[in-house]
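A.B. asks: For reference, the file work_29.txt (compact mmCIF, C-alpha atoms) is included below:
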```txt
# COMPACT_ATOMS: atom_id res chain seq x y z
CA MET A 1 -72.75 -94.81 -88.31
CA ARG A 2 -72.15 -92.83 -91.47
CA TRP A 3 -75.01 -90.59 -90.43
CA LEU A 4 -73.38 -89.91 -87.08
CA ALA A 5 -70.08 -89.00 -88.72
CA THR A 6 -71.80 -86.69 -91.14
CA ALA A 7 -73.73 -85.07 -88.31
CA ALA A 8 -70.50 -84.50 -86.35
CA LEU A 9 -68.87 -82.93 -89.40
CA LEU A 10 -71.86 -80.65 -89.88
CA PHE A 11 -71.70 -79.56 -86.27
CA CYS A 12 -68.02 -78.75 -86.62
CA VAL A 13 -68.57 -76.73 -89.70
CA ALA A 14 -71.40 -74.91 -88.04
CA ASP A 15 -69.22 -74.00 -84.99
CA ALA A 16 -66.34 -72.78 -87.14
CA THR A 17 -68.42 -70.43 -89.15
CA ALA A 18 -70.00 -69.05 -85.97
CA ILE A 19 -66.65 -67.74 -84.60
CA THR A 20 -65.32 -64.65 -86.26
CA ILE A 21 -61.98 -63.22 -85.19
CA VAL A 22 -61.30 -59.73 -86.44
CA VAL A 23 -57.79 -58.35 -86.09
CA GLY A 24 -58.32 -54.63 -86.37
CA ASN A 25 -55.71 -51.95 -86.93
CA THR A 26 -54.29 -50.82 -83.62
CA PRO A 27 -53.97 -47.05 -83.21
CA THR A 28 -50.88 -45.35 -84.54
CA ARG A 29 -48.78 -44.44 -81.53
CA VAL A 30 -45.38 -44.10 -79.98
CA SER A 31 -44.67 -45.00 -76.39
CA LEU A 32 -41.67 -44.61 -74.14
CA ARG A 33 -40.91 -45.97 -70.74
CA VAL A 34 -37.77 -45.06 -68.80
CA GLY A 35 -37.48 -46.86 -65.50
CA SER A 36 -40.48 -47.38 -63.34
CA PRO A 37 -43.97 -47.15 -64.81
CA GLY A 38 -46.52 -44.63 -63.63
CA GLY A 39 -45.76 -41.31 -62.03
CA GLN A 40 -42.25 -41.97 -60.79
CA ILE A 41 -39.12 -40.43 -62.23
CA ASP A 42 -36.34 -42.85 -61.38
CA LEU A 43 -33.13 -41.69 -59.76
CA VAL A 44 -29.69 -43.06 -60.56
CA THR A 45 -27.21 -42.35 -57.75
CA PHE A 46 -23.42 -42.47 -57.91
CA THR A 47 -21.52 -42.37 -54.62
CA VAL A 48 -17.82 -41.70 -55.09
CA PRO A 49 -15.48 -42.92 -52.32
CA ALA A 50 -13.35 -40.11 -50.86
CA ALA A 51 -10.15 -41.90 -51.82
CA ASN A 52 -11.22 -42.14 -55.46
CA VAL A 53 -12.50 -38.68 -56.32
CA GLY A 54 -11.26 -37.84 -59.81
CA ASP A 55 -9.03 -40.90 -60.19
CA GLY A 56 -10.66 -41.99 -63.45
CA VAL A 57 -12.13 -45.20 -62.07
CA PRO A 58 -15.79 -45.30 -63.13
CA VAL A 59 -18.39 -45.50 -60.39
CA ALA A 60 -21.47 -47.57 -61.16
CA GLY A 61 -24.85 -46.11 -60.35
CA THR A 62 -27.43 -47.58 -58.08
CA VAL A 63 -31.11 -47.66 -58.91
CA PRO A 64 -33.80 -48.64 -56.41
CA GLY A 65 -36.21 -51.37 -57.38
CA GLN A 66 -34.18 -52.97 -60.15
CA GLY A 67 -34.82 -50.11 -62.50
CA GLY A 68 -38.53 -50.57 -62.41
CA LEU A 69 -38.70 -54.07 -63.81
CA ALA A 70 -37.67 -56.68 -61.29
CA GLY A 71 -36.82 -59.99 -62.83
CA PHE A 72 -36.15 -58.61 -66.28
CA CYS A 73 -33.30 -56.15 -65.86
CA PRO A 74 -30.34 -56.85 -63.58
CA ALA A 75 -30.10 -54.95 -60.32
CA ASN A 76 -29.14 -51.27 -60.61
CA THR A 77 -30.07 -50.96 -64.25
CA VAL A 78 -32.77 -48.84 -65.81
CA TYR A 79 -35.38 -50.45 -67.99
CA VAL A 80 -36.15 -48.61 -71.23
CA GLU A 81 -38.94 -49.59 -73.58
CA ILE A 82 -39.69 -47.87 -76.87
CA GLU A 83 -42.49 -48.73 -79.19
CA GLY A 84 -43.56 -47.25 -82.49
CA ARG A 85 -46.78 -48.62 -83.92
CA ALA A 86 -48.23 -47.74 -87.30
CA SER A 87 -49.67 -49.41 -90.33
CA PRO A 88 -48.20 -50.74 -92.48
CA ALA A 89 -45.12 -52.08 -90.75
CA ASN A 90 -41.74 -50.62 -91.75
CA SER A 91 -43.36 -47.50 -93.18
CA ARG A 92 -42.12 -45.00 -90.59
CA THR A 93 -38.95 -44.42 -88.61
CA VAL A 94 -38.92 -44.38 -84.82
CA THR A 95 -36.07 -42.42 -83.25
CA LEU A 96 -34.99 -42.28 -79.62
CA SER A 97 -32.95 -39.25 -78.61
CA VAL A 98 -31.89 -37.66 -75.35
CA ASP A 99 -31.34 -34.12 -74.12
CA SER A 100 -28.55 -33.84 -71.53
CA THR A 101 -27.89 -30.14 -71.97
CA GLN A 102 -28.31 -29.09 -68.35
CA PRO A 103 -25.34 -30.23 -66.27
CA LEU A 104 -25.62 -31.71 -62.81
CA SER A 105 -25.23 -29.08 -60.13
CA ASN A 106 -24.60 -28.88 -56.39
CA GLY A 107 -25.63 -25.25 -56.33
CA ILE A 108 -22.06 -24.04 -56.74
CA ASP A 109 -20.23 -26.29 -59.14
CA THR A 110 -21.43 -28.37 -62.06
CA ILE A 111 -20.61 -31.71 -63.62
CA PRO A 112 -21.42 -32.14 -67.32
CA PHE A 113 -23.40 -35.15 -68.40
CA THR A 114 -20.46 -36.12 -70.58
CA GLN A 115 -19.14 -37.66 -67.37
CA ILE A 116 -21.89 -40.29 -67.43
CA ASP A 117 -22.02 -43.26 -69.76
CA TRP A 118 -24.14 -46.39 -69.98
CA ILE A 119 -23.67 -50.02 -70.83
CA SER A 120 -26.60 -51.57 -72.63
CA THR A 121 -28.08 -54.99 -72.43
CA GLY A 122 -30.51 -55.22 -75.30
CA PHE A 123 -32.98 -57.65 -76.66
CA PRO A 124 -33.43 -58.22 -80.39
CA PRO A 125 -34.52 -56.99 -82.81
CA VAL A 126 -33.64 -53.46 -81.64
CA SER A 127 -30.82 -52.49 -79.31
CA ILE A 128 -29.68 -49.17 -77.92
CA PRO A 129 -25.89 -49.11 -78.24
CA SER A 130 -23.78 -48.39 -75.18
CA GLY A 131 -22.63 -44.80 -75.15
CA THR A 132 -21.94 -41.57 -73.32
CA PHE A 133 -24.18 -38.54 -72.93
CA SER A 134 -23.15 -35.79 -75.31
CA GLY A 135 -24.11 -32.95 -73.00
CA GLY A 136 -26.29 -31.54 -75.76
CA ALA A 137 -29.80 -31.74 -77.10
CA GLY A 138 -30.98 -34.18 -79.73
CA GLN A 139 -28.41 -36.91 -79.20
CA VAL A 140 -29.79 -39.78 -81.26
CA LEU A 141 -29.48 -43.13 -79.50
CA VAL A 142 -31.22 -45.45 -81.90
CA SER A 143 -33.56 -45.47 -84.91
CA PHE A 144 -35.67 -48.33 -86.18
CA GLN A 145 -38.68 -49.02 -88.35
CA ASN A 146 -42.15 -48.95 -86.85
CA SER A 147 -44.10 -51.90 -85.52
CA ARG A 148 -41.22 -52.98 -83.34
CA VAL A 149 -40.49 -52.72 -79.65
CA ALA A 150 -37.06 -51.96 -78.23
CA LEU A 151 -36.41 -53.37 -74.76
CA GLN A 152 -33.26 -52.37 -72.99
CA CYS A 153 -31.54 -52.46 -69.62
CA LEU A 154 -29.05 -49.61 -69.13
CA ARG A 155 -26.28 -49.60 -66.53
CA PHE A 156 -25.09 -46.05 -65.89
CA ARG A 157 -21.59 -45.11 -64.72
CA TYR A 158 -20.01 -41.88 -63.52
CA LEU A 159 -16.66 -41.65 -65.33
CA ASN A 160 -14.99 -39.78 -62.45
CA GLN A 161 -12.32 -38.24 -64.66
CA SER A 162 -11.76 -34.99 -62.79
CA VAL A 163 -11.64 -33.64 -59.27
CA VAL A 164 -14.79 -31.69 -58.57
CA GLY A 165 -16.04 -29.75 -55.59
CA ALA A 166 -17.57 -31.66 -52.70
CA GLY A 167 -21.31 -31.90 -52.59
CA THR A 168 -24.39 -33.61 -53.97
CA TYR A 169 -24.96 -32.95 -57.64
CA ASN A 170 -28.41 -33.38 -59.16
CA GLY A 171 -29.39 -33.41 -62.81
CA ARG A 172 -32.02 -34.65 -65.22
CA VAL A 173 -32.02 -35.90 -68.78
CA VAL A 174 -35.07 -36.02 -71.02
CA TYR A 175 -35.53 -38.87 -73.47
CA GLY A 176 -37.72 -38.32 -76.48
CA VAL A 177 -39.23 -40.62 -79.08
CA THR A 178 -40.39 -39.36 -82.44
CA MET A 179 -42.11 -41.04 -85.35
CA PRO A 180 -42.55 -38.48 -88.15
CA MET B 1 -74.76 -53.80 -74.39
CA LYS B 2 -73.52 -51.95 -71.33
CA LEU B 3 -69.99 -53.23 -71.94
CA LYS B 4 -70.11 -52.04 -75.52
CA LYS B 5 -71.06 -48.54 -74.34
CA LEU B 6 -68.17 -48.46 -71.92
CA LEU B 7 -65.72 -49.51 -74.60
CA LEU B 8 -67.13 -46.90 -76.93
CA ALA B 9 -66.74 -44.20 -74.28
CA ALA B 10 -63.14 -45.24 -73.64
CA GLY B 11 -62.40 -45.12 -77.33
CA ILE B 12 -63.87 -41.63 -77.66
CA ALA B 13 -61.86 -40.42 -74.66
CA ALA B 14 -58.67 -41.78 -76.20
CA ALA B 15 -59.45 -40.07 -79.48
CA LEU B 16 -60.08 -36.73 -77.82
CA ALA B 17 -56.87 -36.92 -75.78
CA PRO B 18 -54.22 -38.17 -78.16
CA ALA B 19 -51.31 -37.46 -75.80
CA MET B 20 -51.66 -39.53 -72.65
CA VAL B 21 -48.95 -39.21 -70.07
CA GLN B 22 -48.30 -41.54 -67.18
CA ALA B 23 -45.26 -39.55 -66.03
CA GLU B 24 -42.20 -41.46 -67.19
CA GLN B 25 -44.15 -44.07 -69.05
CA THR B 26 -45.65 -42.01 -71.81
CA PHE B 27 -47.36 -42.50 -75.13
CA THR B 28 -48.92 -40.47 -77.89
CA THR B 29 -51.42 -41.50 -80.51
CA GLY B 30 -52.63 -39.87 -83.66
CA ALA B 31 -52.43 -39.92 -87.41
CA GLY B 32 -49.67 -37.37 -87.95
CA PRO B 33 -46.10 -37.12 -86.69
CA LEU B 34 -45.84 -38.36 -83.12
CA SER B 35 -43.48 -37.72 -80.26
CA THR B 36 -43.36 -38.37 -76.54
CA ALA B 37 -40.82 -37.89 -73.76
CA ALA B 38 -39.74 -39.35 -70.42
CA ARG B 39 -37.26 -38.16 -67.83
CA LEU B 40 -34.54 -39.75 -65.73
CA ASP B 41 -32.79 -38.14 -62.75
CA PHE B 42 -29.16 -38.52 -61.76
CA ARG B 43 -27.33 -37.77 -58.53
CA ILE B 44 -23.58 -37.77 -57.93
CA ILE B 45 -22.35 -37.65 -54.34
CA ILE B 46 -18.83 -36.27 -54.04
CA PRO B 47 -17.28 -36.35 -50.56
CA GLY B 48 -14.86 -33.67 -49.43
CA PHE B 49 -11.22 -34.70 -49.31
CA LEU B 50 -7.73 -33.27 -48.94
CA ARG B 51 -4.50 -34.91 -50.08
CA LEU B 52 -1.01 -33.61 -49.42
CA ARG B 53 2.23 -35.06 -50.62
CA VAL B 54 5.70 -33.81 -49.66
CA GLY B 55 8.48 -36.02 -50.97
CA THR B 56 8.26 -39.74 -51.48
CA THR B 57 4.75 -41.19 -51.60
CA GLY B 58 3.51 -43.59 -48.99
CA GLY B 59 4.83 -43.77 -45.45
CA THR B 60 8.39 -42.67 -46.14
CA ILE B 61 9.64 -39.45 -44.50
CA ASP B 62 12.43 -38.05 -46.64
CA GLN B 63 15.45 -36.35 -45.09
CA ILE B 64 17.26 -33.54 -46.87
CA THR B 65 20.92 -33.39 -45.85
CA PHE B 66 23.18 -30.38 -46.41
CA THR B 67 26.88 -31.08 -46.19
CA VAL B 68 28.99 -27.92 -45.88
CA PRO B 69 32.59 -28.13 -47.07
CA ALA B 70 35.04 -27.02 -44.39
CA ALA B 71 36.35 -24.30 -46.65
CA ASN B 72 32.92 -22.81 -47.07
CA VAL B 73 31.46 -22.78 -43.59
CA GLY B 74 29.63 -19.50 -43.15
CA ASP B 75 30.74 -17.96 -46.44
CA SER B 76 27.15 -17.50 -47.64
CA THR B 77 27.57 -19.95 -50.46
CA PRO B 78 24.21 -21.76 -50.63
CA ILE B 79 24.48 -25.49 -50.15
CA ALA B 80 22.20 -27.81 -52.07
CA GLY B 81 20.68 -30.74 -50.29
CA THR B 82 20.61 -34.45 -50.94
CA GLY B 83 18.02 -37.09 -50.07
CA GLY B 84 14.99 -35.56 -51.68
CA ASP B 85 12.88 -37.39 -54.22
CA ALA B 86 13.26 -34.72 -56.93
CA SER B 87 15.93 -32.81 -58.81
CA GLY B 88 18.74 -35.17 -57.96
CA GLY B 89 17.90 -35.16 -54.27
CA THR B 90 17.91 -31.41 -53.76
CA ALA B 91 14.15 -31.10 -53.81
CA ALA B 92 10.83 -32.69 -52.95
CA ASN B 93 7.85 -33.42 -55.11
CA VAL B 94 4.84 -31.74 -53.60
CA SER B 95 1.18 -31.96 -54.48
CA VAL B 96 -2.00 -30.81 -52.88
CA VAL B 97 -5.41 -31.90 -54.08
CA SER B 98 -8.68 -30.93 -52.47
CA ASN B 99 -12.28 -30.13 -53.30
CA ARG B 100 -13.20 -28.21 -50.18
CA GLY B 101 -12.19 -24.64 -50.98
CA GLN B 102 -9.07 -22.72 -50.07
CA VAL B 103 -6.26 -24.91 -48.77
CA THR B 104 -3.79 -23.55 -46.24
CA ILE B 105 -0.39 -25.17 -45.75
CA THR B 106 1.25 -24.51 -42.40
CA GLU B 107 4.81 -25.39 -41.41
CA THR B 108 5.81 -26.54 -37.94
CA ASN B 109 8.78 -28.44 -36.58
CA ASN B 110 9.79 -30.49 -33.58
CA SER B 111 12.57 -28.20 -32.32
CA GLY B 112 10.53 -26.50 -29.65
CA GLY B 113 11.27 -23.15 -31.26
CA LEU B 114 15.04 -23.56 -31.03
CA GLY B 115 16.01 -24.65 -34.50
CA LEU B 116 18.17 -27.58 -35.53
CA GLY B 117 20.49 -28.85 -32.79
CA THR B 118 23.11 -31.53 -32.29
CA GLY B 119 21.70 -32.90 -29.08
CA VAL B 120 24.26 -30.92 -27.10
CA VAL B 121 22.97 -27.56 -25.97
CA LEU B 122 26.38 -26.04 -25.91
CA ASP B 123 26.73 -26.60 -29.64
CA GLY B 124 23.97 -24.11 -30.20
CA PHE B 125 21.37 -24.32 -32.95
CA ILE B 126 20.94 -23.54 -36.60
CA ALA B 127 17.87 -21.45 -37.23
CA TYR B 128 15.29 -22.69 -39.71
CA THR B 129 15.59 -19.36 -41.45
CA GLN B 130 18.91 -20.70 -42.74
CA ILE B 131 16.97 -23.10 -44.95
CA SER B 132 15.23 -21.56 -47.92
CA THR B 133 12.60 -23.19 -50.03
CA SER B 134 11.92 -22.29 -53.64
CA THR B 135 9.11 -23.62 -55.80
CA SER B 136 8.84 -24.61 -59.41
CA ASP B 137 5.26 -23.31 -59.58
CA GLY B 138 4.04 -20.03 -58.17
CA ASN B 139 0.61 -21.56 -57.72
CA LEU B 140 2.03 -23.76 -54.98
CA LEU B 141 4.34 -21.72 -52.80
CA ALA B 142 6.13 -23.24 -49.84
CA PRO B 143 5.68 -21.64 -46.43
CA ALA B 144 8.95 -20.17 -45.20
CA LEU B 145 10.51 -22.35 -42.52
CA SER B 146 10.87 -20.82 -39.07
CA ASN B 147 11.91 -21.91 -35.59
CA ALA B 148 8.53 -21.08 -34.13
CA GLY B 149 6.57 -22.57 -37.00
CA GLY B 150 3.21 -21.31 -38.11
CA ASN B 151 4.09 -19.72 -41.44
CA THR B 152 1.53 -20.47 -44.08
CA SER B 153 1.07 -20.57 -47.82
CA LEU B 154 -2.12 -20.58 -49.86
CA PRO B 155 -2.10 -22.75 -52.98
CA VAL B 156 -4.00 -21.07 -55.78
CA ILE B 157 -7.41 -22.65 -56.29
CA THR B 158 -7.70 -24.37 -59.65
CA ALA B 159 -11.45 -23.86 -60.15
CA GLY B 160 -14.50 -23.56 -57.96
CA GLN B 161 -13.77 -25.41 -54.74
CA VAL B 162 -11.03 -27.50 -56.31
CA THR B 163 -7.31 -27.20 -55.77
CA ASN B 164 -5.13 -29.51 -57.80
CA ARG B 165 -1.54 -28.30 -57.73
CA SER B 166 1.85 -29.91 -57.89
CA ALA B 167 5.33 -28.45 -57.76
CA VAL B 168 8.91 -29.21 -56.84
CA TRP B 169 10.16 -27.54 -53.68
CA THR B 170 13.93 -27.08 -53.68
CA TYR B 171 15.71 -26.67 -50.35
CA SER B 172 18.92 -24.79 -49.82
CA TYR B 173 21.09 -24.13 -46.75
CA LEU B 174 21.96 -20.43 -46.87
CA ASN B 175 25.20 -20.85 -44.93
CA THR B 176 25.39 -17.30 -43.63
CA THR B 177 26.44 -18.17 -40.08
CA ILE B 178 29.26 -20.11 -38.51
CA PRO B 179 27.80 -22.76 -36.26
CA SER B 180 29.67 -25.26 -34.13
CA ALA B 181 31.01 -28.28 -35.90
CA GLY B 182 28.64 -31.19 -35.82
CA THR B 183 25.58 -32.76 -37.31
CA PHE B 184 22.52 -30.62 -36.74
CA GLY B 185 18.96 -31.74 -36.98
CA GLY B 186 17.57 -35.08 -37.94
CA SER B 187 14.29 -36.22 -36.52
CA ALA B 188 15.74 -36.56 -32.99
CA ASN B 189 17.24 -33.09 -32.80
CA GLY B 190 14.58 -30.73 -33.97
CA GLY B 191 15.14 -31.36 -37.62
CA ARG B 192 11.72 -32.63 -38.61
CA VAL B 193 9.39 -30.26 -40.40
CA THR B 194 5.71 -31.04 -40.62
CA TYR B 195 3.56 -29.48 -43.29
CA THR B 196 -0.13 -29.48 -42.47
CA ALA B 197 -2.77 -28.74 -45.04
CA THR B 198 -6.21 -27.63 -43.95
CA THR B 199 -9.46 -26.58 -45.61
CA PRO B 200 -12.43 -24.68 -44.23
```
Please render this file's structure as structure tokens.
C.D. replies:
Amino acid sequence: MRWLATAALLFCVADATAITIVVGNTPTRVSLRVGSPGGQIDLVTFTVPAANVGDGVPVAGTVPGQGGLAGFCPANTVYVEIEGRASPANSRTVTLSVDSTQPLSNGIDTIPFTQIDWISTGFPPVSIPSGTFSGGAGQVLVSFQNSRVALQCLRFRYLNQSVVGAGTYNGRVVYGVTMP
Amino acid sequence: MKLKKLLLAAGIAAALAPAMVQAEQTFTTGAGPLSTAARLDFRIIIPGFLRLRVGTTGGTIDQITFTVPAANVGDSTPIAGTGGDASGGTAANVSVVSNRGQVTITETNNSGGLGLGTGVVLDGFIAYTQISTSTSDGNLLAPALSNAGGNTSLPVITAGQVTNRSAVWTYSYLNTTIPSAGTFGGSANGGRVTYTATTP
């Protein structure tokens, strides 16, 4: 009986030493996702009722496909994911900024991006605060130390604070992540 | 062995192309400073609209009443009105808001081109030219009232396609003629003026 127990112990020891798990350094990288993955640039649409043009009541945007991440973000929000990976952890600073310099245009009139804000729903440990586009370049939204992932759902609103010409206004912002 | 070669090839490809872009899901790898970008589009749909206010808001139609003292009938002393919603009743608050380009305001009335009457033809009529309208803001002029109607004014555009003007229009009875005694006008006797705003 003692022999059997010893044999079993030997077998266990032999199996354990045969398995080697190596956790290698993952490549240093930054990644950014805004909305849907892949080749699609998501579109946030605000439709202002005729009776409310310029009355100061914000108009919430609509986003097809639950902002690219059904089941995680609420409907009509945009999913944003930022990751900065480097070794060792907490050695570098990851910064998310946005360029909203070019105003929305209908071909005749323009609407500055300062008329669009967002309400954030974040997930620890990193959250993008709610805010308003500055209408400029290099607006810093959040900074955090590397080896973390920021996951966020953003609900955009058109502030509707002035009467503007009729038409369909289109515009684009560019988010950027840096890790010096 | 074959799998190991594939993994090795993938690793080499990643090393040679440190900035991989999957459109708006992007990443960059490398030893030095790193950056990557992603875009988001916005669209705002603004419908065309036109709002005109003359006098009290809502469904109320104001009536301006001029009461001429017996001693002053026809002596050319202007008579101020009462019943308006501005300036102690002598005037009307007016606003025009639109985002469809140049607004035109046109005046018409329900007198059939005759002017204000009493309901009795023999009493004659008071011409609409006896009622003047002044404005508190030159950017929002009032069309001159006329028996035939059709006079227009063009509010000055605020910017682009947008007009957003407000003013107080003050009405005055010029009192330069001697009409029959009586009460002229009111909605039943040709005394209702309609202002119509239009855009292209």
A.B. asks: What is the distance between CA of Ser98 (chain B) and CA of Thr56 (chain B), in Å to one decimal?
C.D. replies: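 We find that CA of Ser98 (chain B) and CA of Thr56 (chain B) lie 19.1 Å from each other.
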A.B. asks: Could you tell me which residues of chain A sit within 7 Å of chain B when counting all atoms listed in the file, and give me the result as a ChimeraX atom specification?
C.D. replies: /A:27-34,37-48,50,109,163-180
A.B. asks: So, counting only C-alpha atoms, which residue among A:Ile116, A:Cys153, A:Ser100, A:Gln139 is closest to Pro58 (chain A)?
C.D. replies: A:Ile116
A.B. asks: If I take CA of Thr65 (chain B) and CA of Pro155 (chain B), how far is one from the other in Å, to one decimal?
C.D. replies: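 Value for the CA of Thr65 (chain B)-CA of Pro155 (chain B) distance: 26.3 Å.
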A.B. asks: List as JSON, numbers by chain the protein and nucleic acid residues near Leu122 (chain B), meaning an atom at most 12 Å away when only C-alpha atoms are counted, but skip any in the same chain fewer than 2 places from it.
C.D. replies: {"B": [117, 118, 119, 120, 124, 125, 179, 180, 181, 182]}
A.B. asks: Excluding same-chain residues fewer than 3 positions from region 67-80 of chain B, what lies within 8 Å of it counting only C-alpha atoms, as a list in words?
C.D. replies: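 Answer for this query is Thr90, Tyr171, Ser172, Tyr173, Leu174, Asn175, Thr176, Thr177, Ile178 and Pro179 of chain B.
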A.B. asks: Of the residues B:Gly149, B:Gly81, B:Gly58, B:Pro200, which is the one nearest to Gly113 (chain B), using only C-alpha atoms?
C.D. replies: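 For Gly113 (chain B), the nearest of the candidates is B:Gly149.
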